[in-house]
$ cat data21.pdb   # PDB, C-alpha atoms
ATOM      1  CA  MET A   1       0.000   0.000   0.000
ATOM      2  CA  LYS A   2       1.401   3.401  -0.972
ATOM      3  CA  THR A   3       1.927   5.954   1.757
ATOM      4  CA  PRO A   4       1.004   9.662   1.246
ATOM      5  CA  ILE A   5       4.706  10.478   0.694
ATOM      6  CA  SER A   6       5.132   7.764  -1.923
ATOM      7  CA  ARG A   7       1.906   8.840  -3.707
ATOM      8  CA  PHE A   8       3.122  12.455  -3.791
ATOM      9  CA  SER A   9       6.546  11.361  -5.115
ATOM     10  CA  TRP A  10       4.884   9.282  -7.819
ATOM     11  CA  LYS A  11       2.713  12.232  -8.896
ATOM     12  CA  VAL A  12       5.792  14.495  -9.134
ATOM     13  CA  TYR A  13       7.658  11.864 -11.150
ATOM     14  CA  ASP A  14       4.665  11.315 -13.450
ATOM     15  CA  PHE A  15       4.292  15.067 -14.005
ATOM     16  CA  TYR A  16       7.983  15.363 -14.891
ATOM     17  CA  VAL A  17       7.945  12.418 -17.314
ATOM     18  CA  ASN A  18       4.740  13.409 -19.126
ATOM     19  CA  LYS A  19       4.886  17.212 -19.015
ATOM     20  CA  ILE A  20       8.358  18.595 -18.381
ATOM     21  CA  TYR A  21      10.703  16.024 -19.958
ATOM     22  CA  PRO A  22       9.067  16.118 -23.472
ATOM     23  CA  VAL A  23       9.466  19.914 -23.563
ATOM     24  CA  ILE A  24      13.112  19.725 -22.497
ATOM     25  CA  LYS A  25      13.826  16.952 -24.998
ATOM     26  CA  LYS A  26      12.175  18.876 -27.835
ATOM     27  CA  GLY A  27      14.208  21.986 -27.029
ATOM     28  CA  LEU A  28      17.489  20.069 -26.832
ATOM     29  CA  ASP A  29      16.780  18.245 -30.100
ATOM     30  CA  PHE A  30      16.173  21.588 -31.793
ATOM     31  CA  VAL A  31      19.445  23.008 -30.457
ATOM     32  CA  PHE A  32      21.457  19.896 -31.352
ATOM     33  CA  LYS A  33      20.000  19.767 -34.861
ATOM     34  CA  TYR A  34      20.622  23.365 -35.888
ATOM     35  CA  THR A  35      24.049  23.683 -34.213
ATOM     36  CA  GLY A  36      25.421  20.577 -35.939
ATOM     37  CA  THR A  37      25.905  18.726 -32.668
ATOM     38  CA  ALA A  38      23.573  15.880 -33.697
ATOM     39  CA  TYR A  39      25.497  15.381 -36.956
ATOM     40  CA  LEU A  40      28.833  15.317 -35.154
ATOM     41  CA  TYR A  41      27.468  12.804 -32.652
ATOM     42  CA  ARG A  42      26.290  10.494 -35.465
ATOM     43  CA  GLN A  43      29.726  10.690 -37.075
ATOM     44  CA  TYR A  44      31.304  10.023 -33.695
ATOM     45  CA  LYS A  45      29.246   6.854 -33.193
ATOM     46  CA  THR A  46      29.390   5.439 -36.743
ATOM     47  CA  LYS A  47      32.730   6.470 -38.234
ATOM     48  CA  LEU A  48      35.171   6.197 -35.325
ATOM     49  CA  THR A  49      36.629   3.146 -33.624
ATOM     50  CA  VAL A  50      35.994   2.426 -29.951
ATOM     51  CA  LYS A  51      39.577   3.421 -29.123
ATOM     52  CA  ALA A  52      39.161   6.778 -30.882
ATOM     53  CA  GLN A  53      35.832   7.367 -29.124
ATOM     54  CA  LYS A  54      37.451   6.761 -25.740
ATOM     55  CA  ALA A  55      40.317   9.099 -26.616
ATOM     56  CA  ILE A  56      37.920  11.877 -27.632
ATOM     57  CA  SER A  57      35.850  11.348 -24.483
ATOM     58  CA  GLY A  58      38.995  11.623 -22.374
ATOM     59  CA  TYR A  59      40.059  14.863 -24.065
ATOM     60  CA  CYS A  60      36.564  16.284 -23.560
ATOM     61  CA  TYR A  61      36.797  15.550 -19.828
ATOM     62  CA  ILE A  62      40.127  17.378 -19.479
ATOM     63  CA  LEU A  63      39.219  20.161 -21.928
ATOM     64  CA  PRO A  64      38.198  22.637 -19.160
ATOM     65  CA  TRP A  65      41.550  22.032 -17.461
ATOM     66  CA  LEU A  66      43.430  22.533 -20.746
ATOM     67  CA  ILE A  67      41.583  25.784 -21.388
ATOM     68  CA  GLY A  68      42.384  26.983 -17.874
ATOM     69  CA  LEU A  69      46.032  25.998 -18.325
ATOM     70  CA  VAL A  70      46.361  27.959 -21.563
ATOM     71  CA  LEU A  71      44.510  31.035 -20.277
ATOM     72  CA  PHE A  72      45.838  31.260 -16.734
ATOM     73  CA  GLY A  73      48.706  28.827 -16.164
ATOM     74  CA  LEU A  74      50.910  28.915 -19.242
ATOM     75  CA  GLN A  75      52.158  32.480 -18.851
ATOM     76  CA  PRO A  76      53.295  32.085 -15.193
ATOM     77  CA  ILE A  77      55.046  28.810 -16.088
ATOM     78  CA  ILE A  78      56.958  30.403 -18.961
ATOM     79  CA  LYS A  79      57.830  33.401 -16.810
ATOM     80  CA  SER A  80      59.063  31.132 -14.023
ATOM     81  CA  VAL A  81      61.321  29.249 -16.447
ATOM     82  CA  ARG A  82      62.652  32.539 -17.786
ATOM     83  CA  MET A  83      63.434  33.813 -14.266
ATOM     84  CA  ALA A  84      65.138  30.551 -13.296
ATOM     85  CA  LEU A  85      67.430  30.873 -16.343
ATOM     86  CA  SER A  86      68.202  34.565 -15.871
ATOM     87  CA  ASP A  87      71.155  36.378 -14.349
ATOM     88  CA  PHE A  88      68.848  38.766 -12.493
ATOM     89  CA  SER A  89      65.109  39.264 -12.146
ATOM     90  CA  GLY A  90      63.471  41.731  -9.825
ATOM     91  CA  LEU A  91      62.572  45.352  -9.249
ATOM     92  CA  LYS A  92      65.004  47.912 -10.542
ATOM     93  CA  ALA A  93      64.885  51.704 -10.711
ATOM     94  CA  ILE A  94      65.428  53.115 -14.186
ATOM     95  CA  ALA A  95      65.546  56.721 -15.339
ATOM     96  CA  ILE A  96      62.858  57.851 -17.763
ATOM     97  CA  GLY A  97      63.595  61.410 -18.664
ATOM     98  CA  ASP A  98      63.820  63.446 -15.473
ATOM     99  CA  THR A  99      61.985  60.870 -13.341
ATOM    100  CA  ALA A 100      62.929  57.466 -11.941
ATOM    101  CA  LYS A 101      60.548  54.559 -12.276
ATOM    102  CA  THR A 102      60.696  51.156 -10.609
ATOM    103  CA  VAL A 103      60.017  48.271 -12.996
ATOM    104  CA  PHE A 104      60.341  44.495 -12.880
ATOM    105  CA  ILE A 105      63.028  43.294 -15.276
ATOM    106  CA  ILE A 106      64.482  39.931 -16.280
ATOM    107  CA  ASP A 107      68.069  40.255 -17.414
ATOM    108  CA  GLY A 108      70.448  37.697 -18.938
ATOM    109  CA  PHE A 109      70.118  34.063 -19.888
ATOM    110  CA  SER A 110      72.300  31.469 -18.146
ATOM    111  CA  SER A 111      72.383  28.717 -15.532
ATOM    112  CA  MET A 112      73.763  31.046 -12.864
ATOM    113  CA  GLN A 113      70.906  30.406 -10.418
ATOM    114  CA  PHE A 114      71.381  26.637 -10.543
ATOM    115  CA  ASN A 115      75.145  27.065 -10.184
ATOM    116  CA  GLN A 116      74.490  29.151  -7.095
ATOM    117  CA  ILE A 117      72.186  26.477  -5.652
ATOM    118  CA  PHE A 118      74.541  23.535  -6.077
ATOM    119  CA  GLY A 119      77.839  25.376  -5.815
ATOM    120  CA  LYS A 120      77.445  28.030  -3.135
ATOM    121  CA  ASN A 121      74.632  26.884  -0.833
ATOM    122  CA  PRO A 122      75.335  23.459   0.688
ATOM    123  CA  GLU A 123      72.453  23.854   3.170
ATOM    124  CA  HIS A 124      70.032  24.197   0.264
ATOM    125  CA  VAL A 125      71.529  21.138  -1.418
ATOM    126  CA  GLU A 126      71.069  19.247   1.854
ATOM    127  CA  ALA A 127      67.392  20.235   1.905
ATOM    128  CA  ILE A 128      67.017  19.024  -1.691
ATOM    129  CA  ILE A 129      68.629  15.664  -0.894
ATOM    130  CA  THR A 130      66.514  15.275   2.250
ATOM    131  CA  LEU A 131      63.283  15.953   0.375
ATOM    132  CA  PHE A 132      64.282  13.583  -2.418
ATOM    133  CA  GLY A 133      65.066  10.740  -0.003
ATOM    134  CA  ASN A 134      61.905  11.271   2.031
ATOM    135  CA  THR A 135      59.735  11.336  -1.097
ATOM    136  CA  MET A 136      61.330   8.153  -2.438
ATOM    137  CA  LEU A 137      60.593   6.485   0.907
ATOM    138  CA  VAL A 138      57.091   7.785   1.625
ATOM    139  CA  VAL A 139      55.489   7.179  -1.804
ATOM    140  CA  PRO A 140      55.813   3.349  -1.847
ATOM    141  CA  LEU A 141      54.924   3.109   1.840
ATOM    142  CA  VAL A 142      51.713   5.093   1.316
ATOM    143  CA  LEU A 143      50.809   2.959  -1.719
ATOM    144  CA  VAL A 144      51.428  -0.328   0.103
ATOM    145  CA  PHE A 145      49.510   0.813   3.161
ATOM    146  CA  SER A 146      46.612   2.109   1.057
ATOM    147  CA  LEU A 147      46.405  -1.120  -0.935
ATOM    148  CA  LEU A 148      46.437  -3.290   2.187
ATOM    149  CA  LEU A 149      43.799  -1.107   3.796
ATOM    150  CA  ALA A 150      41.644  -1.229   0.658
ATOM    151  CA  LEU A 151      41.874  -5.036   0.643
ATOM    152  CA  LEU A 152      40.687  -5.097   4.256
ATOM    153  CA  LEU A 153      37.879  -2.608   3.674
ATOM    154  CA  ASN A 154      36.701  -4.597   0.659
ATOM    155  CA  ARG A 155      35.742  -7.531   2.839
ATOM    156  CA  LYS A 156      32.068  -8.076   3.614
ATOM    157  CA  ILE A 157      31.838  -7.617   7.376
ATOM    158  CA  LYS A 158      29.397  -5.815   9.645
ATOM    159  CA  GLY A 159      30.018  -2.113  10.088
ATOM    160  CA  ILE A 160      32.391  -1.882   7.121
ATOM    161  CA  LYS A 161      30.885   1.449   6.022
ATOM    162  CA  ILE A 162      31.699   2.963   9.406
ATOM    163  CA  PHE A 163      35.325   1.853   9.096
ATOM    164  CA  ARG A 164      35.523   3.350   5.602
ATOM    165  CA  THR A 165      34.235   6.655   6.915
ATOM    166  CA  ILE A 166      36.754   6.654   9.776
ATOM    167  CA  PHE A 167      39.699   6.095   7.456
ATOM    168  CA  PHE A 168      38.517   8.910   5.185
ATOM    169  CA  ILE A 169      38.346  11.501   7.996
ATOM    170  CA  PRO A 170      42.045  12.497   7.621
ATOM    171  CA  VAL A 171      41.359  13.427   3.995
ATOM    172  CA  ILE A 172      38.826  16.022   5.167
ATOM    173  CA  LEU A 173      41.230  17.420   7.752
ATOM    174  CA  LEU A 174      44.038  17.570   5.190
ATOM    175  CA  SER A 175      42.101  20.195   3.244
ATOM    176  CA  GLY A 176      43.495  22.930   5.515
ATOM    177  CA  ASN A 177      46.848  23.731   7.106
ATOM    178  CA  LEU A 178      46.483  21.161   9.870
ATOM    179  CA  ILE A 179      48.909  18.675   8.348
ATOM    180  CA  ASN A 180      51.551  21.379   7.918
ATOM    181  CA  TYR A 181      51.051  22.452  11.539
ATOM    182  CA  LEU A 182      51.458  18.872  12.778
ATOM    183  CA  ASN A 183      54.524  18.351  10.614
ATOM    184  CA  ARG A 184      56.139  21.645  11.670
ATOM    185  CA  TYR A 185      55.859  20.843  15.368
ATOM    186  CA  ASP A 186      56.883  17.188  14.981
ATOM    187  CA  LEU A 187      53.451  15.824  15.927
ATOM    188  CA  LEU A 188      53.386  13.204  13.170
ATOM    189  CA  THR A 189      55.656  10.776  15.009
ATOM    190  CA  VAL A 190      54.939   8.073  17.558
ATOM    191  CA  PRO A 191      57.575   8.300  20.326
ATOM    192  CA  ILE A 192      57.305   4.605  21.220
ATOM    193  CA  LEU A 193      58.252   3.643  17.645
ATOM    194  CA  THR A 194      61.260   5.972  17.530
ATOM    195  CA  GLY A 195      62.650   5.234  20.992
ATOM    196  CA  ASN A 196      66.034   3.731  21.752
ATOM    197  CA  GLN A 197      64.635   0.252  22.482
ATOM    198  CA  VAL A 198      63.034  -0.077  19.055
ATOM    199  CA  HIS A 199      66.110   1.443  17.418
ATOM    200  CA  ASN A 200      68.488  -0.988  19.150
ATOM    201  CA  PHE A 201      66.258  -3.979  18.379
ATOM    202  CA  ILE A 202      66.006  -3.200  14.651
ATOM    203  CA  ASP A 203      69.669  -2.247  14.402
ATOM    204  CA  PHE A 204      70.680  -5.554  16.021
ATOM    205  CA  TYR A 205      68.629  -7.869  13.799
ATOM    206  CA  LEU A 206      68.749  -6.018  10.461
ATOM    207  CA  PRO A 207      71.571  -4.658   8.268
ATOM    208  CA  GLY A 208      72.480  -1.011   8.727
ATOM    209  CA  GLY A 209      70.960   0.441   5.534
ATOM    210  CA  PHE A 210      67.741  -1.579   5.782
ATOM    211  CA  ALA A 211      67.408  -0.779   9.475
ATOM    212  CA  GLY A 212      67.704   2.914   8.666
ATOM    213  CA  LEU A 213      64.838   2.695   6.166
ATOM    214  CA  ILE A 214      62.648   0.880   8.693
ATOM    215  CA  LEU A 215      63.349   3.495  11.350
ATOM    216  CA  GLN A 216      62.568   6.323   8.932
ATOM    217  CA  ALA A 217      59.285   4.612   8.079
ATOM    218  CA  PHE A 218      58.434   4.310  11.789
ATOM    219  CA  ALA A 219      59.178   8.012  12.215
ATOM    220  CA  LYS A 220      56.640   8.835   9.485
ATOM    221  CA  VAL A 221      53.972   6.267  10.340
ATOM    222  CA  VAL A 222      51.329   8.870  11.297
ATOM    223  CA  LEU A 223      52.028  10.880   8.139
ATOM    224  CA  ILE A 224      51.644   7.719   6.063
ATOM    225  CA  LEU A 225      48.282   7.034   7.720
ATOM    226  CA  TRP A 226      47.142  10.584   7.029
ATOM    227  CA  LEU A 227      48.227  10.620   3.409
ATOM    228  CA  GLY A 228      46.581   7.323   2.451
ATOM    229  CA  GLY A 229      42.883   8.243   2.536
ATOM    230  CA  VAL A 230      42.285   9.179  -1.101
ATOM    231  CA  GLN A 231      44.509   6.373  -2.377
ATOM    232  CA  THR A 232      42.599   3.847  -0.265
ATOM    233  CA  LEU A 233      39.290   4.953  -1.764
ATOM    234  CA  ILE A 234      40.709   4.766  -5.293
ATOM    235  CA  PHE A 235      42.000   1.242  -4.699
ATOM    236  CA  LEU A 236      38.708   0.281  -3.048
ATOM    237  CA  ALA A 237      36.740   1.481  -6.077
ATOM    238  CA  GLY A 238      38.995  -0.576  -8.331
ATOM    239  CA  LEU A 239      38.624  -3.696  -6.190
ATOM    240  CA  GLN A 240      34.841  -3.440  -6.273
ATOM    241  CA  LYS A 241      34.881  -3.395 -10.078
ATOM    242  CA  VAL A 242      36.801  -6.651 -10.401
ATOM    243  CA  ASN A 243      34.402  -9.447 -11.354
ATOM    244  CA  ARG A 244      34.002 -11.946  -8.526
ATOM    245  CA  PRO A 245      33.492 -14.907 -10.904
ATOM    246  CA  ILE A 246      37.136 -14.509 -11.977
ATOM    247  CA  TYR A 247      38.285 -15.215  -8.416
ATOM    248  CA  GLU A 248      35.853 -18.116  -8.137
ATOM    249  CA  ALA A 249      37.141 -19.652 -11.372
ATOM    250  CA  ALA A 250      40.741 -19.211 -10.216
ATOM    251  CA  ALA A 251      39.936 -20.843  -6.868
ATOM    252  CA  ILE A 252      38.363 -23.810  -8.665
ATOM    253  CA  ASP A 253      41.562 -24.173 -10.703
ATOM    254  CA  GLY A 254      43.549 -24.358  -7.477
ATOM    255  CA  ALA A 255      45.022 -20.857  -7.362
ATOM    256  CA  SER A 256      46.043 -19.590  -3.938
ATOM    257  CA  ALA A 257      45.153 -16.158  -2.556
ATOM    258  CA  TRP A 258      48.730 -15.000  -3.208
ATOM    259  CA  GLU A 259      48.554 -16.125  -6.853
ATOM    260  CA  MET A 260      45.144 -14.511  -7.342
ATOM    261  CA  PHE A 261      46.478 -11.226  -6.002
ATOM    262  CA  TRP A 262      49.385 -11.094  -8.466
ATOM    263  CA  LYS A 263      47.535 -12.576 -11.438
ATOM    264  CA  ILE A 264      44.131 -10.870 -11.038
ATOM    265  CA  THR A 265      44.107  -8.065  -8.483
ATOM    266  CA  PHE A 266      47.442  -6.435  -9.272
ATOM    267  CA  PRO A 267      46.918  -6.164 -13.071
ATOM    268  CA  ALA A 268      43.394  -4.820 -12.504
ATOM    269  CA  LEU A 269      44.679  -2.124 -10.143
ATOM    270  CA  PHE A 270      47.707  -1.173 -12.245
ATOM    271  CA  PRO A 271      46.153   1.970 -13.830
ATOM    272  CA  LEU A 272      44.969   3.106 -10.393
ATOM    273  CA  MET A 273      48.455   2.577  -8.963
ATOM    274  CA  MET A 274      49.825   4.953 -11.584
ATOM    275  CA  ILE A 275      47.293   7.600 -10.532
ATOM    276  CA  ASN A 276      48.123   7.074  -6.856
ATOM    277  CA  VAL A 277      51.873   7.382  -7.490
ATOM    278  CA  ILE A 278      51.351  10.760  -9.140
ATOM    279  CA  TYR A 279      48.894  11.964  -6.494
ATOM    280  CA  THR A 280      51.024  10.856  -3.524
ATOM    281  CA  THR A 281      54.225  12.349  -4.934
ATOM    282  CA  VAL A 282      52.663  15.734  -5.632
ATOM    283  CA  ILE A 283      50.874  15.911  -2.276
ATOM    284  CA  TYR A 284      53.905  14.937  -0.202
ATOM    285  CA  ALA A 285      56.428  17.055  -2.113
ATOM    286  CA  ASN A 286      54.273  20.150  -1.558
ATOM    287  CA  LEU A 287      53.747  19.704   2.163
ATOM    288  CA  ASP A 288      55.602  21.844   4.661
ATOM    289  CA  ASN A 289      59.180  20.675   4.005
ATOM    290  CA  PRO A 290      62.661  22.268   4.219
ATOM    291  CA  LEU A 291      62.860  22.995   0.483
ATOM    292  CA  SER A 292      59.449  24.698   0.374
ATOM    293  CA  ALA A 293      60.449  26.789   3.384
ATOM    294  CA  ILE A 294      63.642  27.879   1.596
ATOM    295  CA  ILE A 295      61.658  28.830  -1.503
ATOM    296  CA  GLU A 296      59.263  30.964   0.542
ATOM    297  CA  ARG A 297      62.145  32.569   2.418
ATOM    298  CA  THR A 298      64.277  33.409  -0.622
ATOM    299  CA  ILE A 299      61.557  35.000  -2.770
ATOM    300  CA  ALA A 300      61.826  38.360  -1.018
ATOM    301  CA  ALA A 301      65.374  37.962   0.350
ATOM    302  CA  PRO A 302      67.745  40.653  -0.973
ATOM    303  CA  ASP A 303      70.579  38.134  -1.413
ATOM    304  CA  TYR A 304      68.479  35.760  -3.556
ATOM    305  CA  GLY A 305      65.227  36.995  -5.064
ATOM    306  CA  ARG A 306      62.571  35.545  -7.349
ATOM    307  CA  ASP A 307      65.057  34.200  -9.877
ATOM    308  CA  TYR A 308      66.745  32.011  -7.253
ATOM    309  CA  ALA A 309      63.399  30.939  -5.778
ATOM    310  CA  SER A 310      62.165  30.018  -9.276
ATOM    311  CA  ALA A 311      65.227  27.854  -9.822
ATOM    312  CA  LEU A 312      64.572  26.090  -6.506
ATOM    313  CA  ALA A 313      60.938  25.577  -7.499
ATOM    314  CA  TRP A 314      62.016  23.892 -10.727
ATOM    315  CA  VAL A 315      64.410  21.687  -8.753
ATOM    316  CA  LEU A 316      61.406  20.674  -6.640
ATOM    317  CA  PHE A 317      59.458  19.972  -9.822
ATOM    318  CA  GLY A 318      62.360  17.880 -11.119
ATOM    319  CA  ILE A 319      62.316  15.793  -7.940
ATOM    320  CA  GLU A 320      58.613  15.094  -8.400
ATOM    321  CA  ILE A 321      59.071  14.138 -12.068
ATOM    322  CA  PHE A 322      61.961  11.791 -11.247
ATOM    323  CA  VAL A 323      60.105  10.054  -8.407
ATOM    324  CA  ILE A 324      56.965   9.658 -10.508
ATOM    325  CA  GLY A 325      58.902   8.348 -13.510
ATOM    326  CA  PHE A 326      60.939   5.929 -11.386
ATOM    327  CA  TYR A 327      57.969   4.297  -9.677
ATOM    328  CA  LEU A 328      55.854   4.256 -12.835
ATOM    329  CA  LEU A 329      58.685   2.402 -14.562
ATOM    330  CA  LEU A 330      58.832  -0.130 -11.726
ATOM    331  CA  LEU A 331      55.069  -0.645 -11.902
ATOM    332  CA  LYS A 332      55.229  -1.094 -15.663
ATOM    333  CA  LEU A 333      57.980  -3.711 -15.389
ATOM    334  CA  ALA A 334      56.075  -5.514 -12.616
ATOM    335  CA  ASN A 335      52.876  -5.485 -14.665
ATOM    336  CA  LYS A 336      54.682  -6.992 -17.671
ATOM    337  CA  ARG A 337      55.928  -9.843 -15.506
ATOM    338  CA  TYR A 338      52.400 -10.832 -14.475
ATOM    339  CA  GLN A 339      50.633 -10.325 -17.795
TER     340      GLN A 339
END

$ encode --input "data21.pdb" --output "structure tokens"
Amino acid sequence: MKTPISRFSWKVYDFYVNKIYPVIKKGLDFVFKYTGTAYLYRQYKTKLTVKAQKAISGYCYILPWLIGLVLFGLQPIIKSVRMALSDFSGLKAIAIGDTAKTVFIIDGFSSMQFNQIFGKNPEHVEAIITLFGNTMLVVPLVLVFSLLLALLLNRKIKGIKIFRTIFFIPVILLSGNLINYLNRYDLLTVPILTGNQVHNFIDFYLPGGFAGLILQAFAKVVLILWLGGVQTLIFLAGLQKVNRPIYEAAAIDGASAWEMFWKITFPALFPLMMINVIYTTVIYANLDNPLSAIIERTIAAPDYGRDYASALAWVLFGIEIFVIGFYLLLLKLANKRYQ
């Protein structure tokens, strides 16, 4: 028996379908016909291959971003490159007739700023090396943690939606400056995991270099938990799209859970891993870190200026590109092995 609310909802739906929707459809058909959109759509469906259709759809999705890049982002990028490759860029007083006017100029074209970074400022080089090492360490740890967490959250147990919500809370808090505040005041570490007892235990049973990596990971365990929310949801969405009958057929053939992960799950999640590598690298490299602090400090410093800060910014960009390329190459080689 229909309740009053359901009867009202049905009347609204019926009114929309029979009265409003035909008018909207007629108007859209008129617009599509006389603007050529309907003809282009027919050509798109009949003349192009499925691969070409997917490519066009992808470009249409990123078209607003491309337009924004050309209109608003391209000029600052080119100007930043020009400043990084200049001998001097900044405000300078020039004489125009009987008056002096302050203008922003970019003078010269050389690698002087990069020579100054790597040849005259060892503390800046140390910050670059520190950021590079931390990024190389954190990115795979976040990916592994996110994948393991997604595998756990994909299980059918009671209250699983509550657990998913809890693990996504850090993503909401990361939208502000909270993570930078926690990182600046060293609140992203767990003292019990970085104490002398844990250090001595790991150093005794593991080789020196490997023990150092483990200790660095322990020091960043809270940061890894905080950074893994979006990646976990992306992996979880990918896991839910994998057809369950494939796992059932593999189990019937005698495949173990380990074999099913590498033969079914890992190849299915490979495109999502590429996205997560890029996302994690960019997010972590732009947190409050020593190199970002140097860039902010040198922009207005009289001894450095915008040209030096631009060069440092492009060094930061180079670190991100290298880390992304390195881990994407590893993922590609691993995916080939299990194809």

$ residues_around --input "data21.pdb" --residues "stretch 14-29 of chain A" --least-positions-apart "5" --cutoff "9 Å" --atoms "all atoms listed in the file" --output "ChimeraX atom specification"
/A:9,34,38

$ closest_residue --input "data21.pdb" --among "A:Lys332, A:Trp226, A:Glu248, A:Val323" --to "A:Leu137" --atoms "all atoms listed in the file"
A:Val323

$ closest_residue --input "data21.pdb" --among "A:Leu291, A:Leu329, A:Leu225, A:Leu74" --to "A:Phe132" --atoms "all atoms listed in the file"
A:Leu291

$ resolve_selection --input "data21.pdb" --expression "the PyMOL selection byres ((chain A and resi 142) around 12)" --output "ChimeraX atom specification"
/A:134-141,143-150,217,220-232,273,276-281,283-284

$ resolve_selection --input "data21.pdb" --expression "the PyMOL selection byres ((chain A and resi 107) around 8)" --output "MDAnalysis selection string"
chainID A and resid 86:89 105:106 108:109
